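K.L.:
Dropping a structure here in structure tokens format, bear with me for questions.
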Amino acid sequence: TAALVRLAIAIPDSLMMIYADLSQLVQSHIADPDVTRTVKGHLSEFQLALIAGASRTLAERKQLAQPVVQPIIDALHELMPALQSPTEFITLLGLPALDQAYAQGSISPDIRAVFEAARSNRAQLGQVLTTLYVCLNRTIGDRNSTLNLVSLWNDCIGDLVPPILLLIRCLHAMWNPAHYQHLSWQSQQAHGLFGVLDMTEGERQSIIGGEAEADHTSSTTGSQQQQLAPETHAIQHTLGSLLSSAYKCLGRLSCVPDMFTKVPDLADNFAACLFADAEVMAARHWRHLLSDVAMPMLQNVGNWPGMDASTHLDQSRDTIGRFAASWLSPLFAFCTNKLDAEWHTLVTRGMTPSNQASGLQSAEVSVTDEMVHEQIVRDWTRAWSQLVVELLVS
């Protein structure tokens, strides 16, 4: 698929001569359930790269690109009812069915059917975000690129941003027990939400570096836990990947000018995403939230493709002021207070020696949970410092 994208960039006009056949072939692969969602995303990226680079008018390219983008929008809106509240989102993930399976001690045919539907919903949500991000990255990543299709995304920005904000808010809410403790859980495992909020081995690897060890979280006693472990781990992995993809999509969409003027209540909804459950969010998420969302927001507002910020200074300042007023100052206060508390705890406990902190992946170092948490705090501090520097120099 990477070769296809490079080919589309190199000879778009030649490939456009057989575009109808190529489009039909791509769509058949996207509809194939055996094709992975990553490959499907890159096939859509190939199509958009081909359209964006073709020697056609903007109107013609937008017309060709619309059938590629519209399924992404439709898929997001199909899942919107499940994003209206944390309770609905928990149901979409399949956690109530997991609770029933634990309570009954077996997977009945009815529960198995619910598991299958939940897997399909999770896969659909994951695929649409993966596809959206690679397409955004290809067509609005560089403001001076000939592949820029910002005008296309401007037309549909109002359909994309609201569901992504809702998704992020639902994901953050998972770490707040107040959103799910009141539900009619039947099993003891539900009190810890089945461990789906725990850090995966992939997340641990990204923090400490090196090769990920085998995931031993499934090695629990009893056949019931072993039987349900694959479903639990699938949901656990889904939460991490959805949050990462949603952050990146929202950050990339900040390159689109109309995001700041045509999305209703953007500032308030963005502030709600940041702070509704901030006190209970996992510390490991703040680095990505700052780097993948807040930083691009500040970098891109007023600095959009096709617009010279120096000639639209008043407009840029006005947009920045209206958008940032509701969340930037509270973010400063929150991160400063939380990081002060985290560092005070680390200093009191005794920090990891510098030679180990900078090389946790070394085989000679036995990595503890405390050392991983310290690295998380270091990463969070670094991302926060970079955001502050960006704000001061911009």
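Ordering of the structure tokens sets the chain letters (A, B, ...), residue numbers begin anew at 1 in every chain, and ligands are numbered from 1 in the order given.
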Can you tell me which residues surround A:Asp258 at a distance of at most 7 Å, considering only C-alpha atoms, apart from same-chain residues fewer than 4 positions away, and format the answer as number ranges by chain?

P.N.:
A: 154, 157, 262

K.L.:
Export, as an mmCIF file, in the first residue's frame, the selected residues with all heavy atoms.

P.N.:
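After the write, again-v8.cif holds the following:
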```cif
data_model
loop_
_atom_site.group_PDB
_atom_site.id
_atom_site.type_symbol
_atom_site.label_atom_id
_atom_site.label_comp_id
_atom_site.auth_asym_id
_atom_site.auth_seq_id
_atom_site.Cartn_x
_atom_site.Cartn_y
_atom_site.Cartn_z
ATOM 1 N N ASN A 154 -12.743 21.510 4.517
ATOM 2 C CA ASN A 154 -13.518 22.662 4.988
ATOM 3 C C ASN A 154 -15.011 22.418 4.844
ATOM 4 O O ASN A 154 -15.815 22.811 5.691
ATOM 5 C CB ASN A 154 -13.137 23.912 4.187
ATOM 6 C CG ASN A 154 -12.376 24.926 5.023
ATOM 7 O OD1 ASN A 154 -12.427 24.909 6.245
ATOM 8 N ND2 ASN A 154 -11.664 25.808 4.361
ATOM 9 N N ILE A 157 -16.111 19.825 7.673
ATOM 10 C CA ILE A 157 -15.536 19.925 9.006
ATOM 11 C C ILE A 157 -16.607 19.836 10.096
ATOM 12 O O ILE A 157 -16.391 19.248 11.160
ATOM 13 C CB ILE A 157 -14.733 21.248 9.150
ATOM 14 C CG1 ILE A 157 -13.874 21.233 10.424
ATOM 15 C CG2 ILE A 157 -15.647 22.456 9.117
ATOM 16 C CD1 ILE A 157 -12.721 20.295 10.367
ATOM 17 N N LYS A 262 -16.878 27.455 12.157
ATOM 18 C CA LYS A 262 -18.137 26.832 11.734
ATOM 19 C C LYS A 262 -18.567 25.643 12.586
ATOM 20 O O LYS A 262 -19.670 25.131 12.395
ATOM 21 C CB LYS A 262 -18.041 26.402 10.268
ATOM 22 C CG LYS A 262 -17.918 27.578 9.304
ATOM 23 C CD LYS A 262 -17.957 27.127 7.853
ATOM 24 C CE LYS A 262 -17.878 28.321 6.904
ATOM 25 N NZ LYS A 262 -17.886 27.899 5.478
#
```

K.L.:
What lies within 7 Å of stretch 176-190 of chain A using only C-alpha atoms, ignoring chain neighbours under 6 positions off, as a list in words?

P.N.:
Pro86, Thr87, Asp99, Gln100, Tyr102, Ala103, Asp277 and Val280 of chain A

K.L.:
How would the residues just chosen look if you wrote them out with N, CA and C atoms as a compact mmCIF listing (two decimals), in the first residue's frame?

P.N.:
```txt
# COMPACT_ATOMS: atom_id res chain seq x y z
N PRO A 86 -21.39 8.21 28.40
CA PRO A 86 -20.49 7.11 28.75
C PRO A 86 -21.21 5.77 28.86
N THR A 87 -22.46 5.80 29.34
CA THR A 87 -23.23 4.56 29.47
C THR A 87 -23.44 3.90 28.11
N ASP A 99 -19.82 -8.56 31.56
CA ASP A 99 -20.28 -8.69 32.93
C ASP A 99 -21.22 -9.89 33.07
N GLN A 100 -22.13 -10.07 32.14
CA GLN A 100 -23.06 -11.21 32.18
C GLN A 100 -22.31 -12.52 32.07
N TYR A 102 -19.22 -13.16 33.00
CA TYR A 102 -18.57 -13.43 34.28
C TYR A 102 -19.58 -13.90 35.32
N ALA A 103 -20.75 -13.26 35.36
CA ALA A 103 -21.77 -13.60 36.35
C ALA A 103 -22.31 -15.01 36.13
N ASP A 277 -13.32 15.13 33.05
CA ASP A 277 -12.85 14.03 33.90
C ASP A 277 -11.34 14.11 34.10
N VAL A 280 -9.35 12.44 37.14
CA VAL A 280 -9.21 10.99 37.26
C VAL A 280 -8.60 10.35 36.02
```

K.L.:
Pick out the residues sitting within 9 Å of A:Trp286, and hand them over as an MDAnalysis selection string; count only C-alpha atoms, and ignore anything fewer than 5 positions along from it in its own chain.

P.N.:
chainID A and resid 281 291 335 379:380 383:384

K.L.:
What would the file look like if the residues just selected were written as a PDB file, in the first residue's frame with N, CA and C atoms?

P.N.:
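Written file, selection.pdb:
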```pdb
ATOM      1  N   MET A 281      -8.288  11.146  35.010  1.00  0.00           N
ATOM      2  CA  MET A 281      -7.657  10.597  33.818  1.00  0.00           C
ATOM      3  C   MET A 281      -6.288  10.020  34.143  1.00  0.00           C
ATOM      4  N   SER A 291       0.622  16.890  23.172  1.00  0.00           N
ATOM      5  CA  SER A 291       1.440  16.854  21.955  1.00  0.00           C
ATOM      6  C   SER A 291       0.612  16.709  20.688  1.00  0.00           C
ATOM      7  N   CYS A 335      -2.292  21.645  34.733  1.00  0.00           N
ATOM      8  CA  CYS A 335      -1.019  20.954  34.528  1.00  0.00           C
ATOM      9  C   CYS A 335       0.026  21.388  35.545  1.00  0.00           C
ATOM     10  N   ASP A 379       7.688  12.473  30.714  1.00  0.00           N
ATOM     11  CA  ASP A 379       7.155  12.727  29.369  1.00  0.00           C
ATOM     12  C   ASP A 379       6.078  13.798  29.392  1.00  0.00           C
ATOM     13  N   TRP A 380       5.231  13.743  30.397  1.00  0.00           N
ATOM     14  CA  TRP A 380       4.175  14.749  30.546  1.00  0.00           C
ATOM     15  C   TRP A 380       4.799  16.125  30.756  1.00  0.00           C
ATOM     16  N   ALA A 383       6.254  17.409  27.436  1.00  0.00           N
ATOM     17  CA  ALA A 383       5.206  17.871  26.511  1.00  0.00           C
ATOM     18  C   ALA A 383       4.630  19.210  26.974  1.00  0.00           C
ATOM     19  N   TRP A 384       4.460  19.371  28.285  1.00  0.00           N
ATOM     20  CA  TRP A 384       3.933  20.622  28.826  1.00  0.00           C
ATOM     21  C   TRP A 384       4.920  21.770  28.607  1.00  0.00           C
TER      22      TRP A 384
END
```

K.L.:
Would you tabulate, counting only C-alpha atoms, all residues of stretch 80-112 of chain A that have an atom at most 10 Å from an atom of stretch 235-240 of chain A, showing the closest pair of atoms and their distance in Å to one decimal, sorted by chain then ascending number, as JSON lines?

P.N.:
```
{"residue": "A:Leu93", "atom": "CA", "partner": "A:Ile235", "partner_atom": "CA", "distance": 6.7}
{"residue": "A:Gly94", "atom": "CA", "partner": "A:Ile235", "partner_atom": "CA", "distance": 8.0}
{"residue": "A:Leu95", "atom": "CA", "partner": "A:Ile235", "partner_atom": "CA", "distance": 8.4}
```

K.L.:
Please save N, CA and C atoms of the selected residues as a PDB file, in the first residue's frame.

P.N.:
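Result went into part13.pdb, see below:
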```
ATOM      1  N   LEU A  93     -18.930  -0.921  23.600  1.00  0.00           N
ATOM      2  CA  LEU A  93     -17.693  -1.678  23.786  1.00  0.00           C
ATOM      3  C   LEU A  93     -17.952  -3.143  24.109  1.00  0.00           C
ATOM      4  N   GLY A  94     -19.130  -3.432  24.646  1.00  0.00           N
ATOM      5  CA  GLY A  94     -19.461  -4.817  24.987  1.00  0.00           C
ATOM      6  C   GLY A  94     -19.240  -5.160  26.440  1.00  0.00           C
ATOM      7  N   LEU A  95     -19.057  -4.167  27.310  1.00  0.00           N
ATOM      8  CA  LEU A  95     -18.776  -4.444  28.718  1.00  0.00           C
ATOM      9  C   LEU A  95     -19.962  -5.049  29.475  1.00  0.00           C
TER      10      LEU A  95
END
```

K.L.:
Would you please extract all helix (DSSP H, G or I) residues from stretch 132-266 of chain A, as assigned by DSSP on the backbone, and give them as a tab-separated table (two decimals) with N, CA and C atoms, in the first residue's frame?

P.N.:
```
chain	number	residue	atom	x	y	z
A	132	LEU	N	-9.50	8.02	8.49
A	132	LEU	CA	-9.58	9.48	8.52
A	132	LEU	C	-8.21	10.09	8.76
A	133	TYR	N	-7.45	9.54	9.69
A	133	TYR	CA	-6.15	10.13	10.00
A	133	TYR	C	-5.18	10.04	8.83
A	134	VAL	N	-5.06	8.88	8.20
A	134	VAL	CA	-4.10	8.77	7.10
A	134	VAL	C	-4.51	9.66	5.93
A	135	CYS	N	-5.82	9.81	5.72
A	135	CYS	CA	-6.28	10.69	4.64
A	135	CYS	C	-6.00	12.16	4.96
A	136	LEU	N	-6.26	12.55	6.20
A	136	LEU	CA	-5.96	13.92	6.62
A	136	LEU	C	-4.46	14.19	6.53
A	137	ASN	N	-3.68	13.24	6.99
A	137	ASN	CA	-2.24	13.41	7.00
A	137	ASN	C	-1.68	13.56	5.60
A	138	ARG	N	-2.29	12.88	4.65
A	138	ARG	CA	-1.82	12.94	3.27
A	138	ARG	C	-2.24	14.22	2.56
A	139	THR	N	-3.43	14.72	2.86
A	139	THR	CA	-3.98	15.80	2.04
A	139	THR	C	-3.97	17.17	2.70
A	140	ILE	N	-3.64	17.26	3.99
A	140	ILE	CA	-3.49	18.60	4.58
A	140	ILE	C	-2.27	18.67	5.49
A	150	VAL	N	-7.41	21.06	1.51
A	150	VAL	CA	-8.05	21.69	2.66
A	150	VAL	C	-9.47	22.11	2.34
A	151	SER	N	-9.69	22.58	1.11
A	151	SER	CA	-11.03	23.03	0.72
A	151	SER	C	-12.05	21.91	0.85
A	152	LEU	N	-11.64	20.68	0.55
A	152	LEU	CA	-12.54	19.53	0.69
A	152	LEU	C	-12.91	19.33	2.16
A	153	TRP	N	-11.91	19.37	3.03
A	153	TRP	CA	-12.18	19.14	4.44
A	153	TRP	C	-12.93	20.31	5.06
A	154	ASN	N	-12.74	21.51	4.52
A	154	ASN	CA	-13.52	22.66	4.99
A	154	ASN	C	-15.01	22.42	4.84
A	155	ASP	N	-15.40	21.77	3.74
A	155	ASP	CA	-16.81	21.55	3.46
A	155	ASP	C	-17.46	20.58	4.43
A	156	CYS	N	-16.67	19.68	5.00
A	156	CYS	CA	-17.27	18.65	5.86
A	156	CYS	C	-16.77	18.72	7.30
A	157	ILE	N	-16.11	19.82	7.67
A	157	ILE	CA	-15.54	19.93	9.01
A	157	ILE	C	-16.61	19.84	10.10
A	158	GLY	N	-17.78	20.38	9.81
A	158	GLY	CA	-18.86	20.34	10.79
A	158	GLY	C	-19.41	18.95	11.04
A	159	ASP	N	-19.17	18.03	10.10
A	159	ASP	CA	-19.62	16.64	10.26
A	159	ASP	C	-18.58	15.78	10.95
A	160	LEU	N	-17.33	16.22	11.00
A	160	LEU	CA	-16.25	15.40	11.52
A	160	LEU	C	-15.88	15.74	12.97
A	161	VAL	N	-15.78	17.01	13.29
A	161	VAL	CA	-15.28	17.41	14.60
A	161	VAL	C	-16.22	17.04	15.75
A	162	PRO	N	-17.55	17.30	15.66
A	162	PRO	CA	-18.41	16.97	16.80
A	162	PRO	C	-18.36	15.52	17.25
A	163	PRO	N	-18.45	14.53	16.33
A	163	PRO	CA	-18.36	13.14	16.83
A	163	PRO	C	-17.01	12.79	17.41
A	164	ILE	N	-15.93	13.39	16.90
A	164	ILE	CA	-14.61	13.11	17.47
A	164	ILE	C	-14.50	13.68	18.88
A	165	LEU	N	-15.04	14.88	19.09
A	165	LEU	CA	-15.05	15.46	20.43
A	165	LEU	C	-15.88	14.60	21.39
A	166	LEU	N	-17.03	14.11	20.92
A	166	LEU	CA	-17.86	13.24	21.75
A	166	LEU	C	-17.13	11.95	22.10
A	167	LEU	N	-16.42	11.39	21.11
A	167	LEU	CA	-15.68	10.16	21.35
A	167	LEU	C	-14.59	10.37	22.41
A	168	ILE	N	-13.84	11.46	22.28
A	168	ILE	CA	-12.77	11.73	23.24
A	168	ILE	C	-13.35	11.90	24.65
A	169	ARG	N	-14.48	12.59	24.73
A	169	ARG	CA	-15.09	12.79	26.05
A	169	ARG	C	-15.55	11.45	26.65
A	170	CYS	N	-16.12	10.57	25.81
A	170	CYS	CA	-16.53	9.26	26.30
A	170	CYS	C	-15.33	8.43	26.74
A	171	LEU	N	-14.24	8.51	26.00
A	171	LEU	CA	-13.03	7.76	26.35
A	171	LEU	C	-12.45	8.26	27.66
A	172	HIS	N	-12.38	9.57	27.83
A	172	HIS	CA	-11.89	10.12	29.09
A	172	HIS	C	-12.78	9.70	30.26
A	173	ALA	N	-14.09	9.63	30.01
A	173	ALA	CA	-15.04	9.30	31.07
A	173	ALA	C	-14.87	7.88	31.58
A	177	PRO	N	-15.08	6.48	37.72
A	177	PRO	CA	-16.06	5.48	38.18
A	177	PRO	C	-17.47	6.02	38.33
A	178	ALA	N	-17.60	7.33	38.51
A	178	ALA	CA	-18.94	7.91	38.69
A	178	ALA	C	-19.83	7.67	37.48
A	179	HIS	N	-19.22	7.42	36.32
A	179	HIS	CA	-20.00	7.23	35.10
A	179	HIS	C	-20.51	5.80	34.94
A	188	GLN	N	-18.29	-9.54	40.22
A	188	GLN	CA	-17.31	-8.86	41.05
A	188	GLN	C	-16.27	-8.15	40.19
A	189	GLN	N	-15.93	-8.73	39.03
A	189	GLN	CA	-14.90	-8.16	38.15
A	189	GLN	C	-15.31	-6.80	37.61
A	190	ALA	N	-16.61	-6.52	37.58
A	190	ALA	CA	-17.08	-5.24	37.02
A	190	ALA	C	-16.65	-4.06	37.86
A	191	HIS	N	-16.38	-4.28	39.15
A	191	HIS	CA	-16.01	-3.16	40.02
A	191	HIS	C	-14.68	-2.52	39.59
A	192	GLY	N	-13.82	-3.30	38.97
A	192	GLY	CA	-12.58	-2.76	38.42
A	192	GLY	C	-12.64	-2.60	36.92
A	193	LEU	N	-13.85	-2.63	36.39
A	193	LEU	CA	-14.12	-2.54	34.95
A	193	LEU	C	-13.27	-3.56	34.17
A	194	PHE	N	-13.13	-4.74	34.77
A	194	PHE	CA	-12.53	-5.90	34.12
A	194	PHE	C	-11.06	-5.70	33.75
A	195	GLY	N	-10.45	-4.65	34.27
A	195	GLY	CA	-9.04	-4.40	33.96
A	195	GLY	C	-8.79	-3.77	32.61
A	201	GLU	N	0.71	-3.84	27.31
A	201	GLU	CA	2.15	-4.01	27.10
A	201	GLU	C	2.65	-3.09	25.99
A	202	GLY	N	1.80	-2.84	24.98
A	202	GLY	CA	2.19	-1.91	23.92
A	202	GLY	C	2.40	-0.50	24.44
A	203	GLU	N	1.50	-0.06	25.33
A	203	GLU	CA	1.65	1.27	25.92
A	203	GLU	C	2.90	1.32	26.81
A	204	ARG	N	3.12	0.27	27.56
A	204	ARG	CA	4.30	0.21	28.42
A	204	ARG	C	5.58	0.28	27.58
A	205	GLN	N	5.58	-0.42	26.45
A	205	GLN	CA	6.74	-0.39	25.57
A	205	GLN	C	7.00	1.01	25.03
A	206	SER	N	5.93	1.69	24.65
A	206	SER	CA	6.10	3.04	24.09
A	206	SER	C	6.66	4.01	25.13
A	207	ILE	N	6.44	3.71	26.39
A	207	ILE	CA	6.93	4.58	27.47
A	207	ILE	C	8.38	4.28	27.83
A	208	ILE	N	8.71	3.01	27.99
A	208	ILE	CA	10.05	2.65	28.46
A	208	ILE	C	11.00	2.31	27.33
A	223	SER	N	-10.61	-21.30	34.59
A	223	SER	CA	-10.91	-21.39	33.16
A	223	SER	C	-11.80	-20.24	32.70
A	224	GLN	N	-12.64	-19.71	33.60
A	224	GLN	CA	-13.54	-18.63	33.21
A	224	GLN	C	-12.77	-17.39	32.79
A	225	GLN	N	-11.79	-16.99	33.62
A	225	GLN	CA	-10.99	-15.82	33.28
A	225	GLN	C	-10.20	-16.04	32.00
A	226	GLN	N	-9.66	-17.23	31.85
A	226	GLN	CA	-8.90	-17.53	30.64
A	226	GLN	C	-9.79	-17.50	29.40
A	227	GLN	N	-11.02	-17.95	29.56
A	227	GLN	CA	-11.96	-17.97	28.45
A	227	GLN	C	-12.35	-16.56	28.02
A	228	LEU	N	-12.48	-15.67	29.00
A	228	LEU	CA	-12.93	-14.30	28.71
A	228	LEU	C	-11.78	-13.32	28.49
A	229	ALA	N	-10.55	-13.76	28.76
A	229	ALA	CA	-9.40	-12.86	28.63
A	229	ALA	C	-9.25	-12.26	27.23
A	230	PRO	N	-9.44	-13.03	26.14
A	230	PRO	CA	-9.28	-12.42	24.80
A	230	PRO	C	-10.24	-11.25	24.57
A	231	GLU	N	-11.47	-11.38	25.04
A	231	GLU	CA	-12.44	-10.29	24.87
A	231	GLU	C	-12.03	-9.08	25.70
A	232	THR	N	-11.59	-9.34	26.93
A	232	THR	CA	-11.15	-8.25	27.80
A	232	THR	C	-9.96	-7.51	27.20
A	233	HIS	N	-8.99	-8.25	26.70
A	233	HIS	CA	-7.79	-7.62	26.13
A	233	HIS	C	-8.11	-6.87	24.84
A	234	ALA	N	-9.08	-7.38	24.07
A	234	ALA	CA	-9.47	-6.67	22.84
A	234	ALA	C	-10.07	-5.31	23.17
A	235	ILE	N	-10.90	-5.25	24.21
A	235	ILE	CA	-11.48	-3.97	24.62
A	235	ILE	C	-10.41	-3.06	25.18
A	236	GLN	N	-9.50	-3.62	25.97
A	236	GLN	CA	-8.39	-2.84	26.53
A	236	GLN	C	-7.55	-2.21	25.43
A	237	HIS	N	-7.21	-3.00	24.41
A	237	HIS	CA	-6.43	-2.48	23.29
A	237	HIS	C	-7.20	-1.44	22.51
A	238	THR	N	-8.51	-1.67	22.35
A	238	THR	CA	-9.34	-0.73	21.60
A	238	THR	C	-9.35	0.65	22.25
A	239	LEU	N	-9.45	0.70	23.57
A	239	LEU	CA	-9.48	2.00	24.26
A	239	LEU	C	-8.22	2.81	23.97
A	240	GLY	N	-7.06	2.15	24.04
A	240	GLY	CA	-5.81	2.86	23.78
A	240	GLY	C	-5.69	3.33	22.36
A	241	SER	N	-6.04	2.47	21.41
A	241	SER	CA	-5.90	2.84	20.00
A	241	SER	C	-6.91	3.90	19.59
A	242	LEU	N	-8.13	3.83	20.12
A	242	LEU	CA	-9.14	4.84	19.80
A	242	LEU	C	-8.72	6.21	20.32
A	243	LEU	N	-8.22	6.24	21.54
A	243	LEU	CA	-7.82	7.52	22.12
A	243	LEU	C	-6.67	8.14	21.33
A	244	SER	N	-5.68	7.33	20.97
A	244	SER	CA	-4.56	7.83	20.19
A	244	SER	C	-5.01	8.35	18.83
A	245	SER	N	-5.86	7.59	18.14
A	245	SER	CA	-6.34	8.00	16.81
A	245	SER	C	-7.21	9.24	16.87
A	246	ALA	N	-8.08	9.31	17.89
A	246	ALA	CA	-8.96	10.48	18.02
A	246	ALA	C	-8.16	11.74	18.29
A	247	TYR	N	-7.15	11.64	19.16
A	247	TYR	CA	-6.28	12.80	19.41
A	247	TYR	C	-5.63	13.27	18.11
A	248	LYS	N	-5.06	12.35	17.36
A	248	LYS	CA	-4.33	12.71	16.14
A	248	LYS	C	-5.26	13.30	15.09
A	249	CYS	N	-6.46	12.75	14.97
A	249	CYS	CA	-7.41	13.29	13.99
A	249	CYS	C	-7.81	14.72	14.35
A	250	LEU	N	-8.10	14.95	15.62
A	250	LEU	CA	-8.50	16.29	16.04
A	250	LEU	C	-7.37	17.28	15.84
A	251	GLY	N	-6.15	16.87	16.17
A	251	GLY	CA	-5.00	17.75	15.96
A	251	GLY	C	-4.80	18.09	14.50
A	252	ARG	N	-4.96	17.11	13.62
A	252	ARG	CA	-4.78	17.35	12.20
A	252	ARG	C	-5.90	18.21	11.63
A	253	LEU	N	-7.11	18.05	12.13
A	253	LEU	CA	-8.24	18.85	11.65
A	253	LEU	C	-8.08	20.32	12.02
A	259	MET	N	-12.77	25.00	10.99
A	259	MET	CA	-12.97	24.32	12.27
A	259	MET	C	-13.21	25.32	13.38
A	260	PHE	N	-12.54	26.47	13.32
A	260	PHE	CA	-12.60	27.44	14.41
A	260	PHE	C	-13.76	28.42	14.26
A	261	THR	N	-14.44	28.38	13.13
A	261	THR	CA	-15.51	29.35	12.91
A	261	THR	C	-16.86	28.69	12.64
A	262	LYS	N	-16.88	27.45	12.16
A	262	LYS	CA	-18.14	26.83	11.73
A	262	LYS	C	-18.57	25.64	12.59
A	266	LEU	N	-17.31	25.14	19.62
A	266	LEU	CA	-16.06	24.39	19.61
A	266	LEU	C	-15.27	24.60	20.90
```

K.L.:
Tell me, in Å to one decimal, how far atom CA of A:Leu339 is from atom CA of A:Met174.

P.N.:
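Rounded to one decimal, the two atoms are 22.0 Å apart.
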
K.L.:
Between A:Leu346, A:Val301, A:Ala267, A:Leu197, which one has atoms that come closest to A:Ala324, using only C-alpha atoms?

P.N.:
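Between A:Leu346, A:Val301, A:Ala267, A:Leu197, the residue approaching A:Ala324 most closely is A:Ala267.
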
K.L.:
Would you kindly return, as a ChimeraX atom specification, each protein, DNA or RNA residue with an atom no farther than 10 Å from any atom of A:Arg287, considering only C-alpha atoms and excluding same-chain residues fewer than 2 positions away?

P.N.:
/A:283-285,289-293,376-384

K.L.:
Quick one: write out the picked residues with N, CA and C atoms as a PDB file, in the first residue's frame?

P.N.:
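out-v6.pdb written:
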```
ATOM      1  N   ALA A 283      -2.456   9.460  33.983  1.00  0.00           N
ATOM      2  CA  ALA A 283      -1.379  10.418  33.713  1.00  0.00           C
ATOM      3  C   ALA A 283      -0.743  10.178  32.351  1.00  0.00           C
ATOM      4  N   ARG A 284      -0.726   8.924  31.890  1.00  0.00           N
ATOM      5  CA  ARG A 284      -0.057   8.618  30.629  1.00  0.00           C
ATOM      6  C   ARG A 284      -0.741   9.251  29.418  1.00  0.00           C
ATOM      7  N   HIS A 285      -1.991   9.671  29.576  1.00  0.00           N
ATOM      8  CA  HIS A 285      -2.711  10.243  28.444  1.00  0.00           C
ATOM      9  C   HIS A 285      -2.395  11.722  28.224  1.00  0.00           C
ATOM     10  N   LEU A 289      -2.262  14.054  24.798  1.00  0.00           N
ATOM     11  CA  LEU A 289      -3.261  15.108  24.657  1.00  0.00           C
ATOM     12  C   LEU A 289      -2.601  16.452  24.384  1.00  0.00           C
ATOM     13  N   LEU A 290      -1.501  16.715  25.074  1.00  0.00           N
ATOM     14  CA  LEU A 290      -0.784  17.973  24.864  1.00  0.00           C
ATOM     15  C   LEU A 290      -0.064  17.992  23.515  1.00  0.00           C
ATOM     16  N   SER A 291       0.622  16.890  23.172  1.00  0.00           N
ATOM     17  CA  SER A 291       1.440  16.854  21.955  1.00  0.00           C
ATOM     18  C   SER A 291       0.612  16.709  20.688  1.00  0.00           C
ATOM     19  N   ASP A 292      -0.442  15.886  20.743  1.00  0.00           N
ATOM     20  CA  ASP A 292      -1.203  15.559  19.538  1.00  0.00           C
ATOM     21  C   ASP A 292      -2.415  16.446  19.320  1.00  0.00           C
ATOM     22  N   VAL A 293      -2.873  17.137  20.376  1.00  0.00           N
ATOM     23  CA  VAL A 293      -4.072  17.983  20.229  1.00  0.00           C
ATOM     24  C   VAL A 293      -3.770  19.446  20.554  1.00  0.00           C
ATOM     25  N   ILE A 376       6.487   8.380  32.828  1.00  0.00           N
ATOM     26  CA  ILE A 376       5.256   9.034  32.357  1.00  0.00           C
ATOM     27  C   ILE A 376       5.237  10.498  32.788  1.00  0.00           C
ATOM     28  N   VAL A 377       5.602  10.757  34.044  1.00  0.00           N
ATOM     29  CA  VAL A 377       5.619  12.136  34.548  1.00  0.00           C
ATOM     30  C   VAL A 377       6.669  12.962  33.802  1.00  0.00           C
ATOM     31  N   ARG A 378       7.820  12.359  33.526  1.00  0.00           N
ATOM     32  CA  ARG A 378       8.861  13.064  32.768  1.00  0.00           C
ATOM     33  C   ARG A 378       8.347  13.425  31.367  1.00  0.00           C
ATOM     34  N   ASP A 379       7.688  12.473  30.714  1.00  0.00           N
ATOM     35  CA  ASP A 379       7.155  12.727  29.369  1.00  0.00           C
ATOM     36  C   ASP A 379       6.078  13.798  29.392  1.00  0.00           C
ATOM     37  N   TRP A 380       5.231  13.743  30.397  1.00  0.00           N
ATOM     38  CA  TRP A 380       4.175  14.749  30.546  1.00  0.00           C
ATOM     39  C   TRP A 380       4.799  16.125  30.756  1.00  0.00           C
ATOM     40  N   THR A 381       5.817  16.205  31.590  1.00  0.00           N
ATOM     41  CA  THR A 381       6.495  17.477  31.854  1.00  0.00           C
ATOM     42  C   THR A 381       7.144  18.020  30.586  1.00  0.00           C
ATOM     43  N   ARG A 382       7.769  17.134  29.816  1.00  0.00           N
ATOM     44  CA  ARG A 382       8.406  17.561  28.576  1.00  0.00           C
ATOM     45  C   ARG A 382       7.378  18.118  27.590  1.00  0.00           C
ATOM     46  N   ALA A 383       6.254  17.409  27.436  1.00  0.00           N
ATOM     47  CA  ALA A 383       5.206  17.871  26.511  1.00  0.00           C
ATOM     48  C   ALA A 383       4.630  19.210  26.974  1.00  0.00           C
ATOM     49  N   TRP A 384       4.460  19.371  28.285  1.00  0.00           N
ATOM     50  CA  TRP A 384       3.933  20.622  28.826  1.00  0.00           C
ATOM     51  C   TRP A 384       4.920  21.770  28.607  1.00  0.00           C
TER      52      TRP A 384
END
```

K.L.:
Here is a test: counting only C-alpha atoms, which residue of A:Asn269, A:Asp369, A:Arg37, A:Asn300 is nearest to A:Ala123?

P.N.:
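Comparing A:Asn269, A:Asp369, A:Arg37, A:Asn300 against A:Ala123, the winner is A:Arg37.
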
K.L.:
Near stretch 59-65 of chain A, counting only C-alpha atoms, which residues have an atom at most 7 Å away, once you skip same-chain residues fewer than 6 positions from it, shown as a list in words?

P.N.:
Leu48, Ile51, Ala52 and Leu152 of chain A

K.L.:
Show which residues sit within 12 Å of A:Ser44, as JSON, numbers by chain. Count only C-alpha atoms, and ignore same-chain residues fewer than 4 positions away.

P.N.:
{"A": [1, 2, 4, 5, 8, 22, 23, 24, 25, 26, 27, 28, 29, 30, 31, 37, 38, 39, 40, 48, 49, 50, 51, 65, 66, 67, 68, 69, 70, 71, 72, 127, 128, 130, 131, 132, 133, 134, 135, 136, 137, 138, 139]}

K.L.:
For atom CA of A:Arg119 and atom CA of A:His42, determine how far apart the two atoms are, in Å to one decimal place.

P.N.:
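Atom CA of A:His42 lies at a distance of 21.8 Å from atom CA of A:Arg119.
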
K.L.:
In Å, rounded to a single decimal, give me how far atom CA of A:Ser108 is from atom CA of A:Asp34.

P.N.:
26.3 Å

K.L.:
Contacts of A:Ser329 at 12 Å or less, counting only C-alpha atoms, minus same-chain residues fewer than 5 places along, as number ranges by chain?

P.N.:
A: 271, 275, 321, 323-324, 334-336, 388, 391
